[in-house]
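File shown: coords_35.txt (compact mmCIF, C-alpha atoms and all ligand atoms).
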```
# COMPACT_ATOMS: atom_id res chain seq x y z
CA MET S 15 145.90 -132.95 269.54
CA LYS S 16 144.15 -134.59 266.61
CA PRO S 17 140.75 -133.01 265.91
CA ARG S 18 137.91 -135.46 266.42
CA ILE S 19 135.20 -133.51 264.72
CA ALA S 20 134.98 -130.88 261.99
CA ILE S 21 132.37 -128.12 261.93
CA ILE S 22 131.59 -125.79 259.07
CA MET S 23 130.63 -122.61 260.88
CA ARG S 24 131.19 -118.89 260.58
CA ASP S 25 131.35 -117.69 264.15
CA ASP S 26 134.06 -115.17 265.04
CA GLU S 27 133.09 -115.10 268.70
CA ILE S 28 133.61 -118.85 269.17
CA ILE S 29 137.01 -118.69 267.44
CA LYS S 30 138.04 -115.86 269.79
CA LYS S 31 136.45 -117.26 272.96
CA PHE S 32 138.11 -120.66 272.65
CA ASN S 33 141.35 -119.19 271.28
CA LEU S 34 141.31 -121.41 268.19
CA LYS S 35 144.44 -121.29 266.07
CA ARG S 36 144.24 -120.66 262.33
CA ILE S 37 145.89 -123.36 260.25
CA THR S 38 146.23 -124.09 256.55
CA VAL S 39 145.22 -127.51 255.26
CA ASN S 40 146.52 -128.60 251.90
CA THR S 41 144.27 -130.37 249.39
CA SER S 42 144.61 -131.58 245.81
CA TYR S 43 142.72 -128.39 244.85
CA GLY S 44 145.20 -126.16 246.67
CA PRO S 45 145.59 -124.88 250.24
CA VAL S 46 142.62 -123.97 252.43
CA HIS S 47 143.50 -121.18 254.83
CA ARG S 48 140.18 -120.70 256.60
CA CYS S 49 140.64 -123.53 259.14
CA TYR S 50 140.81 -123.14 262.91
CA GLU S 51 141.96 -125.80 265.34
CA GLY S 52 141.58 -126.04 269.08
CA VAL S 53 139.63 -127.48 271.97
CA ILE S 54 136.03 -126.61 272.85
CA TYR S 55 134.69 -128.09 276.10
CA GLY S 56 137.34 -130.82 276.03
CA VAL S 57 136.66 -131.84 272.41
CA SER S 58 139.37 -131.13 269.85
CA VAL S 59 137.75 -129.58 266.82
CA LEU S 60 138.51 -128.25 263.38
CA ILE S 61 136.36 -125.29 262.40
CA ILE S 62 136.10 -124.55 258.70
CA TYR S 63 135.03 -120.95 258.25
CA GLY S 64 132.28 -121.27 255.68
CA ARG S 65 132.23 -122.75 252.21
CA PHE S 66 134.03 -120.14 250.13
CA ASN S 67 137.77 -120.52 249.74
CA GLY S 68 138.58 -116.93 248.83
CA GLU S 69 136.68 -117.00 245.56
CA LYS S 70 133.60 -114.88 244.95
CA VAL S 71 131.28 -117.25 243.16
CA PRO S 72 127.63 -118.34 243.02
CA SER S 73 126.77 -121.50 244.96
CA SER S 74 126.96 -123.75 241.89
CA GLU S 75 130.69 -122.96 241.63
CA ILE S 76 131.62 -123.55 245.27
CA ASN S 77 134.27 -126.26 245.55
CA PHE S 78 132.50 -128.60 247.98
CA GLN S 79 134.99 -131.36 247.22
CA GLN S 80 137.84 -129.20 248.49
CA THR S 81 136.10 -128.59 251.83
CA ILE S 82 135.41 -132.31 252.26
CA GLU S 83 139.02 -133.06 251.35
CA VAL S 84 140.14 -130.78 254.22
CA VAL S 85 138.17 -133.00 256.61
CA LYS S 86 139.56 -136.17 255.02
CA ASN S 87 143.15 -134.95 254.97
CA LYS S 88 142.92 -134.14 258.67
CA ASN S 89 141.77 -137.75 259.22
CA ILE S 90 138.44 -136.64 260.67
CA ASN S 91 135.38 -138.77 259.98
CA LYS S 92 132.68 -136.61 261.55
CA LEU S 93 131.38 -133.34 260.17
CA ILE S 94 128.66 -130.93 261.23
CA GLY S 95 127.36 -128.39 258.70
CA THR S 96 125.67 -125.19 259.87
CA PHE S 97 123.44 -123.31 257.44
CA VAL S 98 121.50 -120.12 257.03
CA VAL S 99 118.43 -120.89 254.96
CA GLY S 100 115.26 -119.42 253.54
CA GLY S 101 111.85 -120.12 255.02
CA ILE S 102 109.05 -121.88 253.16
CA HIS S 103 106.24 -122.17 255.70
CA PRO S 104 104.24 -118.90 256.12
CA ASN S 105 103.96 -119.55 259.88
CA MET S 106 107.65 -120.22 260.55
CA PRO S 107 109.33 -116.84 261.15
CA GLN S 108 112.87 -115.62 260.65
CA GLY S 109 115.09 -117.13 263.36
CA SER S 110 113.39 -120.57 263.34
CA VAL S 111 115.91 -123.36 263.86
CA TYR S 112 116.07 -126.88 262.45
CA VAL S 113 117.97 -130.14 262.69
CA LEU S 114 117.96 -131.62 259.21
CA GLY S 115 116.42 -135.02 258.53
CA ASP S 116 116.23 -135.19 254.76
CA ILE S 117 117.13 -133.36 251.57
CA VAL S 118 115.26 -132.77 248.35
CA GLY S 119 117.72 -131.93 245.59
CA MET S 120 116.47 -129.54 242.94
CA GLY S 121 119.55 -130.16 240.88
CA ASN S 122 122.13 -128.42 238.74
CA TYR S 123 125.24 -129.00 240.79
CA HIS S 124 128.40 -130.14 239.16
CA ILE S 125 131.55 -131.71 240.51
CA HIS S 126 134.93 -132.25 238.96
CA TRP S 127 135.63 -135.96 238.97
CA ASN S 128 139.15 -137.25 238.47
CA GLN S 129 138.58 -139.80 235.70
CA ASN S 130 141.42 -141.98 237.00
CA VAL S 131 139.33 -142.68 240.11
CA PRO S 132 136.43 -145.14 239.72
CA PHE S 133 133.12 -143.32 239.94
CA HIS S 134 130.13 -144.28 242.06
CA ASN S 135 126.92 -142.54 243.08
CA ALA S 136 126.46 -141.85 246.77
CA GLU S 137 123.88 -143.91 248.70
CA MET S 138 121.63 -141.10 250.00
CA TYR S 139 118.41 -142.88 251.00
CA GLU S 140 119.19 -141.66 254.51
CA PRO S 141 121.29 -138.56 253.81
CA PHE S 142 122.36 -137.64 257.36
CA CYS S 143 124.33 -139.64 259.93
CA PRO S 144 121.78 -141.08 262.41
CA MET S 145 124.22 -140.97 265.34
CA LEU S 146 125.35 -137.33 264.89
CA THR S 147 121.80 -136.24 264.09
CA GLU S 148 120.49 -137.74 267.32
CA LYS S 149 123.21 -135.91 269.28
CA LEU S 150 122.26 -132.61 267.59
CA CYS S 151 118.62 -133.25 268.47
CA GLU S 152 119.54 -133.91 272.10
CA ALA S 153 121.50 -130.63 272.21
CA SER S 154 118.57 -128.81 270.56
CA ARG S 155 116.17 -129.95 273.26
CA LYS S 156 118.27 -128.04 275.80
CA MET S 157 117.91 -124.72 273.94
CA PRO S 158 115.78 -121.87 275.29
CA PHE S 159 114.10 -121.72 271.85
CA SER S 160 112.23 -124.46 270.00
CA VAL S 161 113.99 -126.41 267.28
CA LYS S 162 112.22 -128.41 264.59
CA GLU S 163 113.77 -131.85 264.20
CA ASN S 164 113.75 -134.04 261.12
CA ALA S 165 113.36 -131.02 258.83
CA THR S 166 113.39 -131.36 255.07
CA TYR S 167 115.84 -129.07 253.30
CA VAL S 168 115.21 -128.27 249.65
CA SER S 169 118.53 -127.73 247.94
CA PHE S 170 117.94 -125.35 245.11
CA ASN S 171 120.73 -123.86 243.05
CA GLY S 172 120.28 -120.17 242.38
CA TYR S 173 121.07 -118.99 238.87
CA PRO S 174 122.02 -116.87 240.93
CA ARG S 175 118.86 -115.94 242.75
CA ILE S 176 116.63 -116.95 245.62
CA GLU S 177 113.20 -118.54 245.25
CA THR S 178 110.16 -117.08 243.56
CA LYS S 179 106.80 -116.89 245.31
CA LYS S 180 105.45 -119.79 243.27
CA GLU S 181 108.46 -121.96 244.07
CA LEU S 182 107.97 -121.31 247.80
CA GLU S 183 104.28 -122.15 247.50
CA PHE S 184 105.15 -125.34 245.67
CA TYR S 185 107.72 -126.38 248.30
CA HIS S 186 105.21 -125.61 251.04
CA ARG S 187 102.56 -127.78 249.41
CA GLN S 188 105.06 -130.63 249.33
CA GLY S 189 105.52 -130.28 253.10
CA TRP S 190 109.19 -129.25 252.85
CA ASP S 191 110.58 -126.94 255.56
CA ILE S 192 113.47 -124.80 254.41
CA VAL S 193 115.43 -123.97 251.29
CA GLY S 194 119.10 -123.33 250.65
CA GLN S 195 121.79 -123.78 248.03
CA THR S 196 124.61 -125.74 249.60
CA CYS S 197 123.54 -128.71 251.72
CA ASP S 198 122.95 -131.30 249.01
CA PRO S 199 126.41 -131.17 247.41
CA GLU S 200 128.08 -131.02 250.83
CA ALA S 201 126.13 -133.96 252.31
CA THR S 202 126.66 -135.98 249.13
CA MET S 203 130.41 -135.40 249.07
CA ALA S 204 130.60 -136.31 252.76
CA ARG S 205 128.76 -139.58 252.07
CA ILE S 206 130.93 -140.44 249.07
CA ASN S 207 133.91 -140.04 251.38
CA GLN S 208 132.22 -142.08 254.14
CA ILE S 209 132.25 -139.16 256.56
CA CYS S 210 129.47 -139.02 259.19
CA TYR S 211 127.58 -135.82 258.44
CA ALA S 212 124.72 -134.00 260.17
CA ALA S 213 123.40 -130.45 259.93
CA VAL S 214 121.60 -127.63 261.70
CA ALA S 215 120.03 -124.63 259.99
CA VAL S 216 118.56 -121.28 260.90
CA GLN S 217 116.04 -119.43 258.82
CA ILE S 218 116.98 -115.85 257.88
CA ASP S 219 113.83 -114.92 256.01
CA ASP S 220 110.30 -116.14 255.42
CA PRO S 221 107.66 -115.60 252.74
CA THR S 222 105.97 -112.86 254.81
CA THR S 223 109.11 -110.80 255.52
CA ARG S 224 110.15 -111.06 251.90
CA GLU S 225 106.78 -109.73 250.82
CA GLU S 226 106.98 -106.92 253.40
CA TYR S 227 110.46 -106.05 252.16
CA ILE S 228 109.24 -105.61 248.58
CA LEU S 229 106.30 -103.56 249.86
CA SER S 230 108.65 -101.31 251.83
CA LEU S 231 110.71 -100.71 248.68
CA LYS S 232 107.56 -99.77 246.78
CA LYS S 233 106.60 -97.36 249.54
CA ASN S 234 110.15 -95.98 249.81
CA GLU S 235 110.37 -97.00 253.47
CA LYS S 236 113.69 -97.77 255.03
CA HIS S 237 114.03 -101.48 255.76
CA GLN S 238 115.80 -102.97 258.73
CA ALA S 239 119.40 -104.07 258.05
CA TYR S 240 119.56 -107.63 256.77
CA VAL S 241 123.16 -108.57 257.65
CA GLU S 242 122.72 -107.90 261.38
CA SER S 243 119.79 -110.28 261.52
CA ILE S 244 121.85 -113.00 259.80
CA LYS S 245 124.47 -112.62 262.52
CA SER S 246 121.95 -112.91 265.35
CA CYS S 247 120.27 -115.87 263.63
CA ARG S 248 123.60 -117.68 263.27
CA LYS S 249 124.08 -117.43 267.04
CA ARG S 250 121.29 -119.96 267.48
CA THR S 251 122.96 -122.69 265.42
CA SER S 252 126.25 -121.90 267.22
CA GLN S 253 124.49 -122.39 270.55
CA ILE S 254 123.34 -125.87 269.48
CA VAL S 255 126.84 -126.77 268.28
CA LEU S 256 128.35 -125.63 271.60
CA GLN S 257 125.84 -127.72 273.57
CA PHE S 258 126.55 -130.66 271.27
CA LEU S 259 130.28 -130.34 272.06
CA LYS S 260 129.63 -129.94 275.78
CA ASP S 261 127.75 -133.27 275.81
CA TYR S 262 129.94 -134.98 273.23
CA GLN S 263 130.94 -138.59 273.82
CA GLU S 264 132.73 -140.55 271.14
CA GLU S 265 130.39 -143.19 269.75
CA ALA S 266 130.65 -145.62 266.87
CA CYS S 267 128.31 -144.89 263.98
CA PRO S 268 126.28 -147.90 262.85
CA SER S 269 126.12 -147.08 259.15
CA CYS S 270 127.92 -144.20 257.40
CA LYS S 271 131.31 -145.87 257.09
CA LYS S 272 129.78 -148.99 255.60
CA MET S 273 127.71 -147.11 253.04
CA SER S 274 130.07 -147.46 250.15
CA ARG S 275 129.00 -148.30 246.65
CA LYS S 276 132.45 -148.43 245.12
CA ASN S 277 132.48 -149.82 241.63
CA ASN S 278 136.04 -150.89 240.90
CA ASN S 279 135.17 -153.23 238.06
CA PHE S 280 133.55 -150.71 235.78
CA ARG S 281 133.98 -151.54 232.10
CA GLU S 282 132.42 -149.72 229.19
CA PHE S 283 131.67 -153.02 227.46
CA PRO S 284 132.70 -156.67 227.85
CA ASP S 285 136.19 -157.67 226.71
CA TYR S 286 134.93 -160.06 224.04
CA PHE S 287 133.60 -157.13 222.03
CA TYR S 288 137.20 -156.10 221.39
CA GLU S 289 137.58 -159.00 218.94
ZN ZN L 1 127.48 -141.83 260.74
```
Re-express the file's structure as structure tokens.
Amino acid sequence: MKPRIAIIMRDDEIIKKFNLKRITVNTSYGPVHRCYEGVIYGVSVLIIYGRFNGEKVPSSEINFQQTIEVVKNKNINKLIGTFVVGGIHPNMPQGSVYVLGDIVGMGNYHIHWNQNVPFHNAEMYEPFCPMLTEKLCEASRKMPFSVKENATYVSFNGYPRIETKKELEFYHRQGWDIVGQTCDPEATMARINQICYAAVAVQIDDPTTREEYILSLKKNEKHQAYVESIKSCRKRTSQIVLQFLKDYQEEACPSCKKMSRKNNNFREFPDYFYE
């Protein structure tokens, strides 16, 4: 069965529960082994297990193009990204969940562009697919926890690090919701490839818990394990994705496919200057 939708998600329990089969998808960057295919609530899906293809690298070196090429090579034109993110707002605690509505890019990503392929910048005025986003919002409204819709994700590239106190204060003053390192390049590559893309995120820390953590170190207190909380936070975005699949009905998207800014006639200068 041809997968209808791809999901970037690290959830071992879902892979086991729905008996998804691991497959390898070839790309021009080499094979990607972390793919799982199968059917969830009647929808055939391709799960891509996270964004790292075996390499241990900081976020700026993740090959986002390779992941998007997996989706393209499987002839799928819909993609959901799930994210664990950092909190910005002092009143939004660890475990808060979001459907993304916009991105603010704080830069410093790089991609490897094949110079034989004409280049164009992605049209990102509306960075997420309106149709998929609405479906994620509908699924979110059925959750036993509250989900903030239309959230603004600041994409910040660590060097490698997470945000300073002043950066978080600055983002908060701007009214932005959450911060992470991977959504901007992924959403942009999806758009360049005319793939419908939407995203959900869960917050694994907040300014207060980060401050408490530093304080506990200073006082030599033992701090609660961090990795366990990431796992329980991830469950919330998985729950939304499962509900989304349960309710899923194929629907034509009004815009993403048409949003192409291909520039096939690029010339460095007019021909008559060759004289
Ligand atoms: Zn779309």
Give me the residues of chain S that have any atom at most 12 Å from an atom of ligand ZN 1 (chain L); for each, the nearest atom pair and the distance in Å, rounded to one decimal. Use only C-alpha atoms and all ligand atoms, sort by chain and number, and format it as CSV.
```
residue,atom,partner,partner_atom,distance
S:Asn91,CA,L:ZN1,ZN,8.5
S:Lys92,CA,L:ZN1,ZN,7.4
S:Leu93,CA,L:ZN1,ZN,9.4
S:Ile94,CA,L:ZN1,ZN,11.0
S:Glu140,CA,L:ZN1,ZN,10.4
S:Pro141,CA,L:ZN1,ZN,9.9
S:Phe142,CA,L:ZN1,ZN,7.4
S:Cys143,CA,L:ZN1,ZN,3.9
S:Pro144,CA,L:ZN1,ZN,6.0
S:Met145,CA,L:ZN1,ZN,5.7
S:Leu146,CA,L:ZN1,ZN,6.5
S:Thr147,CA,L:ZN1,ZN,8.6
S:Glu148,CA,L:ZN1,ZN,10.4
S:Lys149,CA,L:ZN1,ZN,11.2
S:Ala201,CA,L:ZN1,ZN,11.6
S:Ala204,CA,L:ZN1,ZN,10.2
S:Arg205,CA,L:ZN1,ZN,9.0
S:Asn207,CA,L:ZN1,ZN,11.5
S:Gln208,CA,L:ZN1,ZN,8.1
S:Ile209,CA,L:ZN1,ZN,6.9
S:Cys210,CA,L:ZN1,ZN,3.8
S:Tyr211,CA,L:ZN1,ZN,6.4
S:Ala212,CA,L:ZN1,ZN,8.3
S:Glu264,CA,L:ZN1,ZN,11.7
S:Glu265,CA,L:ZN1,ZN,9.6
S:Ala266,CA,L:ZN1,ZN,7.9
S:Cys267,CA,L:ZN1,ZN,4.5
S:Pro268,CA,L:ZN1,ZN,6.5
S:Ser269,CA,L:ZN1,ZN,5.7
S:Cys270,CA,L:ZN1,ZN,4.1
S:Lys271,CA,L:ZN1,ZN,6.7
S:Lys272,CA,L:ZN1,ZN,9.1
S:Met273,CA,L:ZN1,ZN,9.3
```
Requested write-out: C-alpha atoms of the selected residues, as an mmCIF file, keeping the file's coordinate frame:
```cif
data_model
loop_
_atom_site.group_PDB
_atom_site.id
_atom_site.type_symbol
_atom_site.label_atom_id
_atom_site.label_comp_id
_atom_site.auth_asym_id
_atom_site.auth_seq_id
_atom_site.Cartn_x
_atom_site.Cartn_y
_atom_site.Cartn_z
ATOM 1 C CA ASN S 91 135.380 -138.770 259.980
ATOM 2 C CA LYS S 92 132.680 -136.610 261.550
ATOM 3 C CA LEU S 93 131.380 -133.340 260.170
ATOM 4 C CA ILE S 94 128.660 -130.930 261.230
ATOM 5 C CA GLU S 140 119.190 -141.660 254.510
ATOM 6 C CA PRO S 141 121.290 -138.560 253.810
ATOM 7 C CA PHE S 142 122.360 -137.640 257.360
ATOM 8 C CA CYS S 143 124.330 -139.640 259.930
ATOM 9 C CA PRO S 144 121.780 -141.080 262.410
ATOM 10 C CA MET S 145 124.220 -140.970 265.340
ATOM 11 C CA LEU S 146 125.350 -137.330 264.890
ATOM 12 C CA THR S 147 121.800 -136.240 264.090
ATOM 13 C CA GLU S 148 120.490 -137.740 267.320
ATOM 14 C CA LYS S 149 123.210 -135.910 269.280
ATOM 15 C CA ALA S 201 126.130 -133.960 252.310
ATOM 16 C CA ALA S 204 130.600 -136.310 252.760
ATOM 17 C CA ARG S 205 128.760 -139.580 252.070
ATOM 18 C CA ASN S 207 133.910 -140.040 251.380
ATOM 19 C CA GLN S 208 132.220 -142.080 254.140
ATOM 20 C CA ILE S 209 132.250 -139.160 256.560
ATOM 21 C CA CYS S 210 129.470 -139.020 259.190
ATOM 22 C CA TYR S 211 127.580 -135.820 258.440
ATOM 23 C CA ALA S 212 124.720 -134.000 260.170
ATOM 24 C CA GLU S 264 132.730 -140.550 271.140
ATOM 25 C CA GLU S 265 130.390 -143.190 269.750
ATOM 26 C CA ALA S 266 130.650 -145.620 266.870
ATOM 27 C CA CYS S 267 128.310 -144.890 263.980
ATOM 28 C CA PRO S 268 126.280 -147.900 262.850
ATOM 29 C CA SER S 269 126.120 -147.080 259.150
ATOM 30 C CA CYS S 270 127.920 -144.200 257.400
ATOM 31 C CA LYS S 271 131.310 -145.870 257.090
ATOM 32 C CA LYS S 272 129.780 -148.990 255.600
ATOM 33 C CA MET S 273 127.710 -147.110 253.040
#
```
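When only C-alpha atoms are used to compute distances to Met106 in chain S, the closest of the residues S:Thr41, S:Gln253, S:Thr223, S:Ser169 turns out to be S:Thr223.
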Quick one: residues within 10 Å of Thr38 in chain S, all atoms listed in the file counted, chain neighbours fewer than 4 positions away excluded, as a PDB file with C-alpha atoms, in the coordinates of the input?
```pdb
ATOM      1  CA  PRO S  45     145.590-124.880 250.240  1.00  0.00           C
ATOM      2  CA  VAL S  46     142.620-123.970 252.430  1.00  0.00           C
ATOM      3  CA  HIS S  47     143.500-121.180 254.830  1.00  0.00           C
ATOM      4  CA  ARG S  48     140.180-120.700 256.600  1.00  0.00           C
ATOM      5  CA  CYS S  49     140.640-123.530 259.140  1.00  0.00           C
ATOM      6  CA  TYR S  50     140.810-123.140 262.910  1.00  0.00           C
ATOM      7  CA  GLU S  51     141.960-125.800 265.340  1.00  0.00           C
ATOM      8  CA  VAL S  84     140.140-130.780 254.220  1.00  0.00           C
TER       9      VAL S  84
END
```
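If all atoms listed in the file are the atoms counted, then among S:Thr166, S:Gln108, S:Asn171, S:Gln263 the closest residue to Ser58 in chain S is S:Gln263.
The gap separating CA of Leu259 in chain S from CA of Tyr55 in chain S is 6.4 Å, in Å to one decimal.
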Of S:Glu226, S:Asp191, S:Tyr288, S:Tyr173, the one nearest to Val71 in chain S when counting only C-alpha atoms is S:Tyr173
(message) For a cutoff of 6 Å around the file-coordinate point (125.3, -129.1, 242.1), which residues qualify once you count only C-alpha atoms? I'd like the result as a PyMOL selection string.
(response) chain S and resi 74+121-124+199
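The two atoms in question, CA of Arg187 in chain S and CA of Val98 in chain S, are spaced 21.8 Å apart.
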| message | Which residues are close to Phe32 in chain S, i.e. within 9 Å by only C-alpha atoms, leaving aside same-chain residues fewer than 2 positions away? Reply as JSON, numbers by chain. | response | {"S": [27, 28, 29, 30, 34, 52, 53, 54, 55]}
Generate a file of the selected residues that holds C-alpha atoms, formatted as a PDB file, in the frame of the given file.
```pdb
ATOM      1  CA  GLU S  27     133.090-115.100 268.700  1.00  0.00           C
ATOM      2  CA  ILE S  28     133.610-118.850 269.170  1.00  0.00           C
ATOM      3  CA  ILE S  29     137.010-118.690 267.440  1.00  0.00           C
ATOM      4  CA  LYS S  30     138.040-115.860 269.790  1.00  0.00           C
ATOM      5  CA  LEU S  34     141.310-121.410 268.190  1.00  0.00           C
ATOM      6  CA  GLY S  52     141.580-126.040 269.080  1.00  0.00           C
ATOM      7  CA  VAL S  53     139.630-127.480 271.970  1.00  0.00           C
ATOM      8  CA  ILE S  54     136.030-126.610 272.850  1.00  0.00           C
ATOM      9  CA  TYR S  55     134.690-128.090 276.100  1.00  0.00           C
TER      10      TYR S  55
END
```
Restricting to all atoms listed in the file, whichever of S:Ile76, S:Leu231, S:Lys88, S:Asp220 is closest to Met15 in chain S is S:Lys88
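You will find CA of Pro174 in chain S at 12.4 Å from CA of Lys70 in chain S.
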Report as a PyMOL selection string all protein, DNA and RNA residues lying within 12 Å of Lys180 in chain S, evaluated on all atoms listed in the file, omitting residues in the same chain fewer than 6 positions from it. chain S and resi 102+186-187+221
**Prompt:** Is there a way to get, as a PyMOL selection string, all residues within 7 Å of the point (138.7, -128.6, 262.8) in file coordinates, counting all atoms listed in the file?
**Reply:** chain S and resi 17+19-21+49-51+59-62
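With all atoms listed in the file as the basis for measurement, S:Leu114 is the residue among S:His103, S:Gly44, S:Asn33, S:Leu114 that approaches Val161 in chain S most closely.
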